[in-house]
Amino acid sequence: MSADIEADVVIVGSGVSGALMAAKLAEAGVKVAILEAGAEVDRADAVDRYMNALIKVPESAYEPTPEAPFPMSHLPDGWYRQTGPDKFGSTYLKVAGGTTWHWLGTCLRLLPADFELKSRYGHGVDWPISYKELEPFYTAADQELAVSGLSSDDLGAPRSGDFPMGPISPSYLDRTLGKALDGSGMTVRSTPQARNSVDHEDRPACCGNSSCIPCCPIQAKYDATVHLERAKAAGATLYTRSTAVRLTTDHHGRIKEVHFTRWDKSSGVARGKVVIVACHGIETPRLLLNSASERHPKGIANNSDQVGRNLMDHPCKLSWALAKEPLYPFRGPLSTSGIHDFCDGPSRKDHGAYRIEIGNDGWAWPTGAPQSMAADLLAKGLRGKALDAAMRDQAMRQIRLTSLTEQLPDPANRMTLHATDKDMYGVPLPQIAYRVGDYVHDAFAAAEKSHDAILDHLGVTERHHSPDHFGAGHIMGTVRMGADAKTSVVDKDLRSHDHPNLFLLGSGTFPTGGTSNPTLTIAALTLRAVDAVKATLKAG
Amino acid sequence: MLTRRFVLTAAGTIALTPAWAARAAEPALSQFMSLSASLLERPEAALSGDMGKAMLSSLTASAGADRMTALLANPASDADLANQIISGWLSGIVKGPDGETVIGYEDALMWQVLDFAHAPGVCGGATNYWADAPAG
């Protein structure tokens with residue numbers, strides 16, 4: 001029986017890892033088919049949808065539909081079936097180009113120590129790959145994603161090559177804070193980011209729209225449609241509105257078919273010599289678990305029983321304050337600098353590391369400012385010109401610090417299939433058991449002290465600390481890589497230990513999370529896996 | 001396309017002339033604009049008529065036509081509703097019959113008050129303008 005789609009390589013998912021892999025393979029002459037559950041996004045419509053939205057969350061610019069549902073940040077129980085004890089707050093999109101549509105654009109490398117958490121600090125596991133082995137691919141990823149950065153400051157991760165573009169300037173707020181921290185032992189460092197500091201490869205330089213999340217209106221910020229377009233230009237075929245629902249194997253244990261269902265409920269079958277699943281940290285394990293059969297009772301790629309486990313985020317501690325002097329937030333990219341002094345060190349024996357992101361968006365994240373400010377000031381009895389003056393004065397002094405903390409892999413933090421609730425394709429909804437854990441809570445306590453010290457140096461008239469954790473949007477660990485097939489899902493080439501022609505891409509493969517936003521590492525690991533995919537094709 | 005003006009659409013949460021608006025006996029827009037200008041201590045000419053119309057419909061439906069008429073007759077009679085009007089002009093969000101609703105985005109007056117900033121999604125200026133304090 002002939003399949004609906006025949007290709008050398010079938011890639012499920014069109015986010016940064018799937019699109020990057022597709023472009024690299026197609027440009028090497030490989031016949032590639034990409035299945036994407038969602039639709040293509042019209043950028044102008046997305047910006048309008050965001051502006052019209054009452055609740056401004058990262059997903060506001062996009063439309064979840066019954067055909068391509070996804071979680072919304074303000075409705076933690078809307079899509080996920082959460083069993084607790086804590087809420088998992090991180091989300092993803094189902095659209096062509098994936099979650100890079102609403103990512104911030106931060107492009108940090110993991111630190112050498114992040115690959116050796118177990119041997120250096122006695123926690124979690126070591127990666128099966130060292131920083132040194134991955135480094136050339138980080139440098140290649142900087143080029144692919146078009147990262148702007150300060151090449152002379154490696155932020156603790158030694159570099160073999162320069163960024164393709166000079167840095168995005170730190171904001172006035174960053175610079176003011178940097179001066180205040182002179183001599184404190186803490187330093188404000190320029191953040192490498194996949195955002196054009198000059199016109200680059202047909203995309204314009206950033207003009208500070210300040211809406212990186214949820215959508216860059218001018219595509220100065222990289223998103224995976226860049227590589228999707230490259231892949232298509234090189235001959236890859238993108239099938240949108242096509243949700244993969246099940247993988248099947250042959251009697252040698254090779255992946256034989258990808259069964260998918262279109263939005264009109266018609267079903268299809270895709271066949272490739274190699275199958276790549278690149279649906280991010282929740283949908284990848286969901287597809288593998290839903291593919292359970294007599295031959296694979298625990299699901300595909302799950303002889304280790306690790307699929308869906310070790311779910312991690314970078315749980316966030318927020319602090320926000322009013323500085324004594326104006327800082328002029330609400331201008332420029334949402335973050336342009338960070339403080340990296342707590343990303344590594346012996347304290348990781350006791351608690352998680354953390355990186356402090358400096359926000360350029362005032363109190364927007366914790367309080368919904370400036371929209372929320374009028375009602376607050378009216379409640380204090382202000383009206384007319386006095387209200388205007390107070391609003392302006394406070395808004396220009398707002399600062400927000402966020403510590404993104406390191407969370408340990410815990411097999412009990414787990415995505416499984418819900419027993420009864422299903423989507424329109426009959427696939428069970430993702431059920432999530434999640435505990436933030438002491439390693440993070442102790443990191444929160446240390447981070448709050450650091451935030452206080454920073455705010456003391458700056459000089460503030462008012463300060464607040466979030467009592468709860470916020471999600472960073474970084475979904476990691478659910479198909480972890482490792483050298484041992486008994487305790488991990490993929491090897492360091494991202495190949496399934498159980499199925500020689502199956503590769504799993506994305507931050508689900510991270511054994512530990514460090515404190516760096518995951519996208520650049522996703523891209524580097526993907527680029528490193530390209531040769532292994534090609535070799536598998538050659539072997540037949 | 002660098003900027004895109006906010007367009008009121010009939011989709012989603014926004015409706016310029018929703019079905020319920022026709023049923024309510026709505027006080028005159030001119031009176032509402034004049035009251036708004038007085039509450040905001042701004043010239044009436046500086047206020048968007050479209051936004052005023054959308055706000056009057058939403059607030060009349062959520063607060064009731066009687067309350068709105070009474071406020072227009074005596075601006076000191078209902079501080080809560082007066083505050084809702086002020087907040088609506090500044091934030092672009094007011095209470096409608098089905099909860100809060102967006103009546104304006106770039107036109108929300110907070111973006112005039114925060115004269116050093118701009119509404120997200122709108123180009124702010126030349127690359128790296130954010131490195132310096134705003135001029136003036």
# chains A, B, ... in the order shown; residues from 1 in each chain; ligands from 1

$ select_by_dssp --residues "segment 267-417 of chain A" --states "helix (DSSP H, G or I)" --output "ChimeraX atom specification"
/A:280-290,346-349,364-367,373-379,384-395

$ interface_residues --of "chain A" --to "chain B" --cutoff "6 Å" --atoms "only C-alpha atoms" --output "list in words"
Leu54, Ser169, Pro170, Ser171, Tyr172, Cys206, Cys207, Gly208, Asn209, Ser210, Ser211, Phe330, Arg331, Gly332, Gln371, Ala374, Ala375, Gly384, Asp388 and Arg392 of chain A

$ residues_around --residues "segment 443-456 of chain A" --least-positions-apart "5" --cutoff "8 Å" --atoms "only C-alpha atoms" --output "number ranges by chain"
A: 181, 317, 319, 321, 323, 351-354, 401, 403, 405-406, 465

$ atom_distance --atom1 "atom CA of Val490 of chain A" --atom2 "atom CA of Ala244 of chain A"
20.1 Å

$ residues_around --residues "Ile34 of chain A" --least-positions-apart "3" --cutoff "6 Å" --atoms "only C-alpha atoms" --output "VMD selection string"
chain A and resid 10 to 12 238 to 239

$ atom_distance --atom1 "atom CA of Asp45 of chain A" --atom2 "atom CA of Arg262 of chain A"
23.2 Å

$ closest_residue --among "A:Met312, A:Leu504, A:Ala19, A:Ile358" --to "His280 of chain A" --atoms "only C-alpha atoms"
A:Leu504

$ atom_distance --atom1 "atom CA of Leu81 of chain B" --atom2 "atom CA of Ser36 of chain B"
11.4 Å

$ select_by_dssp --residues "segment 13-113 of chain B" --states "strand (DSSP E or B)" --output "number ranges by chain"
B: 93-96, 99-102
